[in-house]
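The file entry12.cif comes next; it holds mmCIF, C-alpha atoms.
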data_target
#
loop_
_atom_site.label_atom_id
_atom_site.label_comp_id
_atom_site.auth_asym_id
_atom_site.auth_seq_id
_atom_site.Cartn_x
_atom_site.Cartn_y
_atom_site.Cartn_z
CA MET A 1 0.00 0.00 0.00
CA ASN A 2 1.39 3.41 -0.96
CA GLN A 3 1.69 5.93 1.81
CA SER A 4 0.36 9.39 0.99
CA ILE A 5 2.97 12.12 0.87
CA SER A 6 2.25 14.90 3.34
CA PRO A 7 1.92 18.35 1.73
CA TRP A 8 3.53 19.87 4.84
CA LEU A 9 6.98 19.31 6.35
CA SER A 10 8.58 20.12 9.69
CA ALA A 11 11.33 22.73 9.88
CA GLU A 12 13.97 19.99 10.13
CA GLN A 13 12.57 18.17 7.10
CA ALA A 14 12.24 21.39 5.09
CA ALA A 15 15.80 22.47 5.83
CA GLN A 16 17.09 19.01 4.95
CA LEU A 17 15.17 18.99 1.66
CA LEU A 18 16.78 22.26 0.57
CA GLY A 19 20.15 21.61 2.16
CA ILE A 20 20.02 24.84 4.16
CA LYS A 21 20.09 26.00 7.77
CA ARG A 22 16.89 26.68 9.67
CA ALA A 23 17.70 30.40 9.78
CA THR A 24 17.77 30.44 5.99
CA LEU A 25 14.42 28.64 5.88
CA TYR A 26 12.90 31.28 8.17
CA ALA A 27 14.31 34.00 5.90
CA TYR A 28 12.62 32.34 2.91
CA VAL A 29 9.33 32.36 4.81
CA SER A 30 9.73 36.04 5.69
CA ARG A 31 10.25 36.83 1.99
CA GLY A 32 7.01 35.05 1.08
CA TRP A 33 8.72 32.22 -0.82
CA VAL A 34 7.50 29.43 1.48
CA ALA A 35 4.09 29.22 3.15
CA SER A 36 3.92 28.00 6.74
CA ARG A 37 1.15 27.06 9.14
CA SER A 38 0.67 26.23 12.79
CA ALA A 39 0.86 22.50 13.50
CA GLY A 40 -1.17 22.89 16.67
CA PRO A 41 -0.67 24.12 20.25
CA GLY A 42 2.87 23.56 21.52
CA ARG A 43 4.11 22.22 18.18
CA GLU A 44 6.52 23.69 15.63
CA ARG A 45 5.24 25.29 12.46
CA GLU A 46 5.04 23.29 9.24
CA TYR A 47 6.12 24.33 5.75
CA ARG A 48 4.41 23.75 2.40
CA ARG A 49 6.14 21.00 0.42
CA ALA A 50 5.15 22.43 -2.98
CA ASP A 51 6.91 25.74 -2.24
CA LEU A 52 10.00 23.90 -1.04
CA GLU A 53 10.09 21.71 -4.14
CA ASP A 54 9.77 24.79 -6.32
CA LEU A 55 12.70 26.44 -4.55
CA ARG A 56 14.79 23.29 -4.90
CA GLY A 57 14.01 23.14 -8.61
CA ARG A 58 14.98 26.76 -9.09
CA GLY A 59 18.25 26.14 -7.28
CA ARG A 60 19.10 23.20 -9.56
CA ALA A 61 18.23 25.21 -12.66
CA SER A 62 20.44 28.03 -11.47
CA GLN A 63 23.34 25.62 -10.98
CA ARG A 64 22.92 24.39 -14.57
CA GLY A 65 23.02 27.94 -15.86
CA ASP A 66 19.44 27.63 -17.19
CA ARG A 67 18.14 30.50 -15.11
CA ALA A 68 19.21 34.13 -15.04
CA LEU A 69 20.19 35.72 -11.73
CA ARG A 70 17.18 37.38 -10.18
CA TRP A 71 16.48 39.41 -7.08
CA GLY A 72 16.81 37.32 -3.98
CA GLU A 73 18.22 34.09 -5.36
CA PRO A 74 21.33 32.90 -3.46
CA VAL A 75 24.41 33.04 -5.65
CA LEU A 76 27.34 33.09 -3.20
CA GLU A 77 28.32 31.74 0.18
CA THR A 78 29.33 34.31 2.78
CA SER A 79 30.33 34.35 6.45
CA ILE A 80 29.70 38.07 6.83
CA THR A 81 25.97 38.71 7.14
CA ASP A 82 23.01 36.43 7.73
CA MET A 83 19.65 37.90 6.70
CA THR A 84 16.87 37.23 9.22
CA PRO A 85 13.32 38.58 9.73
CA LEU A 86 14.67 40.51 12.72
CA GLY A 87 17.35 42.21 10.64
CA PRO A 88 20.92 41.48 9.55
CA VAL A 89 23.25 39.48 11.76
CA TYR A 90 26.90 40.51 11.38
CA ARG A 91 29.33 37.63 11.99
CA GLY A 92 26.84 36.11 14.44
CA VAL A 93 26.01 39.42 16.16
CA PRO A 94 22.51 40.84 15.50
CA VAL A 95 22.65 44.43 14.30
CA ALA A 96 19.84 45.16 16.78
CA SER A 97 22.24 44.20 19.59
CA LEU A 98 24.87 46.59 18.26
CA ALA A 99 22.22 49.32 18.33
CA SER A 100 21.00 48.59 21.85
CA GLU A 101 24.55 48.35 23.24
CA GLY A 102 25.72 51.62 21.67
CA VAL A 103 28.55 50.04 19.69
CA SER A 104 30.60 52.57 17.72
CA PHE A 105 30.78 52.40 13.95
CA GLU A 106 34.51 51.68 14.11
CA ARG A 107 33.93 48.61 16.27
CA CYS A 108 31.14 47.44 13.96
CA ALA A 109 33.41 47.81 10.92
CA GLU A 110 36.19 45.83 12.59
CA LEU A 111 33.66 43.09 13.39
CA LEU A 112 32.63 42.87 9.73
CA TRP A 113 36.26 42.81 8.59
CA THR A 114 37.81 40.44 11.11
CA GLY A 115 34.95 38.51 12.68
CA VAL A 116 35.86 39.84 16.13
CA LEU A 117 34.03 42.64 17.92
CA PRO A 118 36.69 44.71 19.73
CA ALA A 119 36.05 44.80 23.48
CA GLY A 120 36.95 48.46 24.01
CA ASP A 121 36.91 51.74 22.15
CA VAL A 122 38.52 51.79 18.71
CA SER A 123 40.16 54.86 17.23
CA TRP A 124 41.47 55.15 13.68
CA VAL A 125 42.74 58.72 14.03
CA ALA A 126 46.41 58.01 14.72
CA ALA A 127 46.78 55.86 11.61
CA LEU A 128 44.94 58.12 9.15
CA GLY A 129 48.02 59.96 7.95
CA GLU A 130 48.13 63.32 6.21
CA ALA A 131 44.83 64.86 5.13
CA PRO A 132 44.13 65.27 1.40
CA ASP A 133 44.05 68.75 -0.11
CA PHE A 134 40.29 69.21 0.14
CA GLY A 135 40.50 72.70 -1.35
CA GLU A 136 42.12 71.40 -4.52
CA ILE A 137 39.57 68.59 -4.83
CA ALA A 138 36.69 71.03 -4.31
CA ARG A 139 37.82 73.03 -7.33
CA TRP A 140 36.95 70.07 -9.53
CA LEU A 141 33.37 69.93 -8.23
CA PRO A 142 30.31 71.91 -9.29
CA ALA A 143 28.39 73.59 -6.50
CA ASP A 144 25.50 71.13 -6.78
CA ALA A 145 27.59 67.93 -6.92
CA SER A 146 25.76 64.98 -5.35
CA PRO A 147 27.29 63.07 -2.41
CA ALA A 148 27.87 60.04 -4.66
CA SER A 149 29.67 62.14 -7.27
CA VAL A 150 31.89 63.69 -4.62
CA ALA A 151 32.65 60.27 -3.15
CA LEU A 152 33.61 58.83 -6.54
CA LEU A 153 36.04 61.66 -7.18
CA LEU A 154 37.57 61.40 -3.70
CA VAL A 155 38.17 57.65 -3.99
CA ALA A 156 39.62 57.98 -7.49
CA ALA A 157 42.01 60.73 -6.38
CA GLU A 158 43.07 58.77 -3.30
CA GLY A 159 43.77 55.69 -5.38
CA CYS A 160 45.87 57.63 -7.88
CA ARG A 161 48.19 58.91 -5.18
CA ASP A 162 48.68 55.47 -3.56
CA SER A 163 51.59 53.68 -5.22
CA GLY A 164 50.93 50.54 -3.16
CA ARG A 165 47.26 50.26 -4.07
CA PHE A 166 47.62 46.90 -5.79
CA GLU A 167 48.49 45.04 -2.58
CA ILE A 168 45.33 43.09 -1.83
CA ALA A 169 46.24 41.11 1.28
CA PRO A 170 43.90 41.98 4.20
CA GLU A 171 46.71 43.52 6.22
CA ALA A 172 47.32 45.92 3.32
CA THR A 173 43.64 46.55 2.57
CA LEU A 174 42.39 47.41 6.06
CA PRO A 175 44.56 50.51 6.72
CA ARG A 176 43.45 51.85 3.36
CA ALA A 177 39.82 51.05 4.18
CA ARG A 178 39.96 53.00 7.44
CA ARG A 179 41.40 56.00 5.64
CA LEU A 180 38.85 55.70 2.81
CA ILE A 181 35.90 55.72 5.21
CA ARG A 182 37.23 58.80 6.98
CA LEU A 183 37.75 60.39 3.55
CA LEU A 184 34.12 59.74 2.60
CA ALA A 185 32.94 61.15 5.94
CA ALA A 186 35.01 64.33 5.74
CA GLY A 187 34.23 64.71 2.04
CA LEU A 188 30.55 65.24 2.86
CA ALA A 189 31.52 68.87 3.45
CA LEU A 190 32.42 69.25 -0.23
CA PRO A 191 32.02 71.08 -2.48
CA GLY A 192 30.74 73.84 -0.22
CA SER A 193 33.20 73.89 2.67
CA PRO A 194 36.75 72.51 2.25
CA SER A 195 37.66 73.99 5.64
CA ARG A 196 34.98 71.92 7.37
CA ALA A 197 36.26 68.85 5.54
CA ALA A 198 39.74 69.48 6.96
CA GLN A 199 38.29 69.82 10.46
CA ALA A 200 36.29 66.63 10.02
CA TRP A 201 39.48 64.77 9.10
CA GLN A 202 40.75 65.46 12.63
CA ALA A 203 37.55 64.41 14.42
CA ARG A 204 37.71 61.69 17.05
CA SER A 205 35.43 59.25 15.23
CA VAL A 206 33.73 58.66 11.90
CA ALA A 207 30.35 59.71 13.29
CA GLU A 208 31.80 62.92 14.68
CA ALA A 209 33.53 63.56 11.35
CA VAL A 210 30.20 63.26 9.51
CA LEU A 211 28.48 65.69 11.89
CA CYS A 212 31.38 68.11 11.67
CA ALA A 213 31.41 67.95 7.86
CA LEU A 214 27.67 68.54 7.56
CA GLY A 215 27.21 70.98 10.46
CA GLY A 216 24.96 68.61 12.42
CA ARG A 217 24.26 68.18 16.11
CA LEU A 218 27.43 67.06 17.87
CA ASP A 219 25.32 65.51 20.63
CA GLY A 220 24.09 63.04 18.02
CA VAL A 221 27.26 60.95 17.75
CA ALA A 222 25.75 57.90 19.46
CA SER A 223 22.59 58.06 17.32
CA LEU A 224 24.63 58.39 14.15
CA ASP A 225 26.85 55.47 15.17
CA THR A 226 23.68 53.39 15.39
CA GLY A 227 22.57 54.62 11.97
CA LEU A 228 25.89 53.83 10.30
CA ASN A 229 25.93 50.37 11.88
CA LEU A 230 22.45 49.63 10.52
CA LEU A 231 23.60 50.64 7.04
CA ALA A 232 26.95 48.83 7.13
CA ASP A 233 25.92 45.64 5.35
CA HIS A 234 22.87 43.96 3.86
CA GLU A 235 24.24 40.86 2.17
CA LEU A 236 24.37 40.87 -1.66
CA ASN A 237 22.59 44.11 -2.48
CA ALA A 238 23.40 45.66 -5.86
CA SER A 239 26.34 47.77 -4.69
CA THR A 240 27.90 44.97 -2.64
CA PHE A 241 27.58 42.51 -5.50
CA ALA A 242 29.16 45.05 -7.84
CA ALA A 243 32.08 45.46 -5.42
CA ARG A 244 32.47 41.67 -5.17
CA VAL A 245 32.50 41.22 -8.95
CA VAL A 246 35.33 43.74 -9.22
CA ALA A 247 37.12 42.19 -6.22
CA SER A 248 36.96 38.79 -7.91
CA THR A 249 39.34 40.13 -10.58
CA HIS A 250 41.80 40.96 -7.74
CA ALA A 251 41.39 44.67 -8.41
CA ASP A 252 42.50 46.99 -5.58
CA VAL A 253 40.20 48.25 -2.82
CA TYR A 254 39.81 51.68 -4.46
CA ALA A 255 38.43 50.14 -7.66
CA CYS A 256 36.10 47.91 -5.65
CA VAL A 257 34.75 50.79 -3.57
CA GLN A 258 34.24 52.86 -6.72
CA ALA A 259 32.14 50.02 -8.15
CA GLY A 260 30.04 50.00 -4.99
CA LEU A 261 29.62 53.77 -5.10
CA ALA A 262 28.56 53.69 -8.75
CA ALA A 263 25.83 51.16 -8.01
CA LEU A 264 24.77 52.99 -4.84
CA SER A 265 24.21 56.20 -6.81
CA GLY A 266 21.21 54.71 -8.63
CA PRO A 267 17.69 55.83 -7.67
CA LEU A 268 16.65 52.23 -6.96
CA HIS A 269 19.42 51.82 -4.37
CA GLY A 270 21.21 54.39 -2.19
CA ALA A 271 19.75 57.40 -3.96
CA ALA A 272 16.26 56.19 -3.03
CA THR A 273 16.55 58.51 -0.02
CA ASP A 274 16.38 61.46 -2.42
CA ARG A 275 12.99 60.27 -3.60
CA VAL A 276 11.81 59.88 0.00
CA GLU A 277 12.87 63.46 0.70
CA ALA A 278 10.99 64.66 -2.40
CA ALA A 279 7.82 62.98 -1.08
CA LEU A 280 8.45 64.52 2.33
CA ALA A 281 8.74 67.97 0.77
CA GLU A 282 5.54 67.34 -1.20
CA ALA A 283 3.68 66.55 2.03
CA GLY A 284 5.12 69.66 3.66
CA SER A 285 3.43 69.22 7.04
CA PRO A 286 2.01 66.48 9.27
CA GLU A 287 -1.49 67.65 8.42
CA ARG A 288 -0.96 67.01 4.69
CA ALA A 289 0.60 63.55 5.07
CA GLU A 290 -2.73 61.71 4.95
CA ARG A 291 -3.77 63.66 1.88
CA LEU A 292 -0.52 62.78 0.11
CA VAL A 293 -1.11 59.07 0.68
CA HIS A 294 -4.65 59.29 -0.69
CA GLU A 295 -3.60 61.40 -3.69
CA ARG A 296 -0.85 58.98 -4.61
CA ALA A 297 -3.28 56.05 -4.26
CA ARG A 298 -5.81 57.79 -6.51
CA ARG A 299 -3.16 58.21 -9.21
CA GLY A 300 -1.90 54.65 -8.81
CA GLU A 301 1.50 55.88 -7.60
CA ARG A 302 3.54 54.37 -4.83
CA ILE A 303 5.27 56.39 -2.13
CA PRO A 304 9.02 55.68 -2.13
CA GLY A 305 10.66 54.24 0.95
CA PHE A 306 7.89 51.82 1.91
CA GLY A 307 7.99 48.06 1.56
CA HIS A 308 10.97 45.72 1.27
CA PRO A 309 11.03 42.23 -0.31
CA PHE A 310 13.15 40.87 2.53
CA TYR A 311 10.82 42.22 5.23
CA PRO A 312 7.13 41.78 4.38
CA ASP A 313 6.20 42.63 7.98
CA GLY A 314 8.37 45.74 8.05
CA ASP A 315 12.06 46.57 7.84
CA PRO A 316 13.47 46.29 11.39
CA ARG A 317 16.25 48.71 10.47
CA ALA A 318 13.68 51.45 9.90
CA ARG A 319 12.30 51.02 13.41
CA LEU A 320 15.78 51.19 14.93
CA LEU A 321 16.65 54.27 12.88
CA PHE A 322 13.50 56.03 14.07
CA GLU A 323 14.34 55.10 17.65
CA ALA A 324 17.79 56.64 17.19
CA ALA A 325 16.15 59.78 15.76
CA TRP A 326 13.61 60.10 18.55
CA SER A 327 16.31 59.67 21.19
CA LEU A 328 17.64 63.09 20.20
CA GLY A 329 14.69 64.87 21.79
CA PRO A 330 11.62 66.71 20.49
CA ARG A 331 10.89 65.96 16.87
CA ASN A 332 11.44 68.73 14.35
CA GLN A 333 8.98 69.57 11.59
CA GLU A 334 10.50 67.19 9.06
CA LEU A 335 10.54 64.29 11.50
CA GLN A 336 6.97 64.99 12.58
CA THR A 337 5.84 65.05 8.94
CA LEU A 338 7.66 61.81 8.21
CA ASP A 339 6.11 60.19 11.28
CA ALA A 340 2.68 61.33 10.11
CA LEU A 341 3.37 59.85 6.69
CA VAL A 342 4.29 56.50 8.26
CA GLY A 343 1.07 56.61 10.31
CA ALA A 344 -1.04 57.44 7.26
CA MET A 345 0.49 54.52 5.35
CA GLU A 346 -0.22 52.17 8.24
CA ARG A 347 -3.85 53.29 8.53
CA SER A 348 -4.26 52.71 4.78
CA ARG A 349 -2.90 49.17 5.23
CA ARG A 350 0.01 49.95 2.96
CA PRO A 351 3.60 48.67 3.25
CA ALA A 352 5.70 49.57 6.29
CA PRO A 353 8.67 51.96 6.02
CA ASN A 354 12.04 50.64 4.96
CA VAL A 355 15.58 51.74 5.73
CA ASP A 356 15.40 54.73 3.36
CA VAL A 357 12.56 56.35 5.32
CA GLY A 358 14.32 55.62 8.61
CA LEU A 359 17.55 57.15 7.33
CA VAL A 360 15.79 60.33 6.22
CA GLY A 361 14.24 60.54 9.68
CA LEU A 362 17.62 60.27 11.36
CA ARG A 363 19.07 62.84 8.96
CA ALA A 364 16.31 65.28 9.90
CA ALA A 365 16.69 64.71 13.64
CA LEU A 366 20.45 65.34 13.41
CA GLY A 367 19.85 68.67 11.68
CA LEU A 368 21.69 67.63 8.53
CA PRO A 369 21.00 69.19 5.12
CA VAL A 370 18.41 67.78 2.75
CA GLY A 371 20.16 65.42 0.34
CA SER A 372 22.82 64.27 2.79
CA ALA A 373 21.08 60.98 3.66
CA ALA A 374 22.58 59.44 0.53
CA GLY A 375 26.00 60.50 1.79
CA LEU A 376 25.40 58.75 5.12
CA PHE A 377 24.53 55.63 3.15
CA CYS A 378 27.87 55.83 1.30
CA VAL A 379 29.86 56.10 4.52
CA GLY A 380 28.07 53.29 6.33
CA ARG A 381 27.90 50.80 3.47
CA CYS A 382 31.61 51.19 2.66
CA ALA A 383 32.39 49.05 5.71
CA GLY A 384 30.36 46.19 4.26
CA TRP A 385 31.89 46.55 0.82
CA VAL A 386 35.37 46.17 2.28
CA ALA A 387 34.34 43.04 4.20
CA HIS A 388 32.98 41.47 1.03
CA VAL A 389 36.01 42.54 -1.00
CA ILE A 390 38.32 40.76 1.45
CA GLU A 391 36.15 37.64 1.51
CA GLN A 392 35.85 37.49 -2.29
CA GLN A 393 39.56 37.99 -2.89
CA ALA A 394 40.40 35.29 -0.35
CA SER A 395 38.17 32.82 -2.23
CA GLY A 396 40.30 33.13 -5.37
CA GLU A 397 37.17 32.75 -7.52
CA LEU A 398 36.34 34.91 -10.53
CA LEU A 399 32.63 35.79 -10.58
CA ARG A 400 31.29 35.07 -14.02
CA PRO A 401 27.52 34.38 -14.09
CA ARG A 402 26.03 32.76 -17.20
CA ALA A 403 23.53 34.40 -19.52
CA ARG A 404 20.63 32.67 -21.21
CA TYR A 405 20.45 33.63 -24.89
CA LYS A 406 17.04 34.75 -26.08
CA GLU A 407 16.22 35.65 -29.65
CA ASP A 408 14.47 38.99 -30.18
#

Have the structure of the file written as structure tokens, please.
Amino acid sequence: MNQSISPWLSAEQAAQLLGIKRATLYAYVSRGWVASRSAGPGREREYRRADLEDLRGRGRASQRGDRALRWGEPVLETSITDMTPLGPVYRGVPVASLASEGVSFERCAELLWTGVLPAGDVSWVAALGEAPDFGEIARWLPADASPASVALLLVAAEGCRDSGRFEIAPEATLPRARRLIRLLAAGLALPGSPSRAAQAWQARSVAEAVLCALGGRLDGVASLDTGLNLLADHELNASTFAARVVASTHADVYACVQAGLAALSGPLHGAATDRVEAALAEAGSPERAERLVHERARRGERIPGFGHPFYPDGDPRARLLFEAAWSLGPRNQELQTLDALVGAMERSRRPAPNVDVGLVGLRAALGLPVGSAAGLFCVGRCAGWVAHVIEQQASGELLRPRARYKED
């Protein structure tokens, strides 16, 4: 007699079927790829076999080269960041823990790079070396240069002056990475204020350098540290994958970071914060937030900064960024308007805010200029790029995905 095959599997059976860890299974569920149900009081949840078989089939097709790379499909192994419904986990340490414990950005970066969270304070100041000539660099920039454009020029100039740039061993890469991150932070003052950039170069920490460069609240260092940590890595996003592809050719760290910056400049990635700020300006006040949501719905338009494929129940990084913003005291007009917009979206049963909305909220609370949120993204994410560059170069593998030919 043939036994019927159950359409539902336990977590252990599901993970075994796909050859993955349970944490990865839970991530698949959070992304909506696998349906789950309660197996009854006091029992573990069960997972739909048909969804699991579909995922296994897609994985086999991808290995054969029959399927193009698409958003969300695993393509590389990494020991840097594990994606979970509660947010990224850096080298086994939840980013939420880094936020609650007030870990500095420097310590977070060292964790991503080495796998070890330093026990005490970390300072990069003594090893930074001589400051670049920010005045000379500023002369190459138009007055309205975007943060990404400024960052690309700074990294290119720094690479040109470094005769040892082609050394790719980690012990050669990390000192350059620390200097590059400080360069990006201080460079946020450009093109408008080279003198502030020079002052930021001497600041005690990366967060303080950012606030000095942008004229923000110096009592916001701890909140900004939290923000930069939340931005530091998010697995194989577009900019990180771009950096890894370049790293796989054994290009130097400057070239890899430039690849990341180029991808981050796109409006569907790091520059998405600019679109959030445009919507915020369109709302103008908390009272108009509800009207904006309804007007956009009437026109069939989405409001940028809401919803994330990894987090169908809401991006946990957004919540943590708002908490960091609110910790700075009474909300200013921009933050109040953004909060009203989030509330209006929730009442309309629309997607929850993602990291871009949270970052704009933190930018507003810190008193930083409109448009600078994208610059904060550059500074924070650079730490993750470097971690992935080191990991990719150590693998010795050249990334070369296959294409599937299709006649027009």

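The space between CA of Gln258 in chain A and CA of Trp385 in chain A spans 10.1 Å.
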
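The space between CA of Gly215 in chain A and CA of Arg317 in chain A spans 24.8 Å.
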
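Counting all atoms listed in the file and comparing A:Val386, A:Tyr28, A:Arg37, A:Ala243, the residue that lies closest to Trp8 in chain A is A:Arg37.
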
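The nearest approach to Ala143 in chain A among the residues A:Gln336, A:Gly220, A:Arg350, A:Ser193, with only C-alpha atoms taken into account, belongs to A:Ser193.
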
*Pick from A:Phe241, A:Ser123, A:Asp54, A:Glu106 nearest to Ala263 in chain A, counting only C-alpha atoms*: A:Phe241

_Given the PyMOL selection byres ((chain A and resi 369) around 12), the residues it picks as a VMD selection string_ = chain A and resid 147 188 to 189 210 to 211 213 to 217 274 277 334 360 to 368 370 to 376

*List, as a PyMOL selection string, every residue that the PyMOL selection byres ((chain A and resi 310) around 10) selects in the file provided.*
chain A and resi 27-32+72+83-85+87+307-309+311-315

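When only C-alpha atoms are used to compute distances to Glu44 in chain A, the closest of the residues A:Ala23, A:Thr78, A:Tyr254, A:Ala11 turns out to be A:Ala11.
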
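Residue nearest Ala151 in chain A within the list A:Arg107, A:Ser163, A:Arg45, A:Leu184: A:Leu184 [criterion: smallest interatomic distance, only C-alpha atoms].
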
*Selected residue of minimal separation from Arg196 in chain A among A:Ala344, A:Val257, A:Ala138, A:Ala169, counting all atoms listed in the file*: A:Ala138

*Got a sec to resolve the PyMOL selection byres ((chain A and resi 50) around 12) on this structure and send the residues as a VMD selection string?*
chain A and resid 5 to 9 14 17 33 to 36 47 to 49 51 to 57

*List every protein, DNA or RNA residue that has at least one atom no more than 12 Å from (49.9, 46.8, -1.5) in the file's coordinates, counting all atoms listed in the file, and write the result as a list of chain:residue names.*
A:Gly159, A:Asp162, A:Ser163, A:Gly164, A:Arg165, A:Phe166, A:Glu167, A:Ile168, A:Ala169, A:Pro170, A:Glu171, A:Ala172, A:Thr173, A:Leu174, A:Pro175, A:Arg176, A:His250, A:Ala251, A:Asp252, A:Val253, A:Tyr254
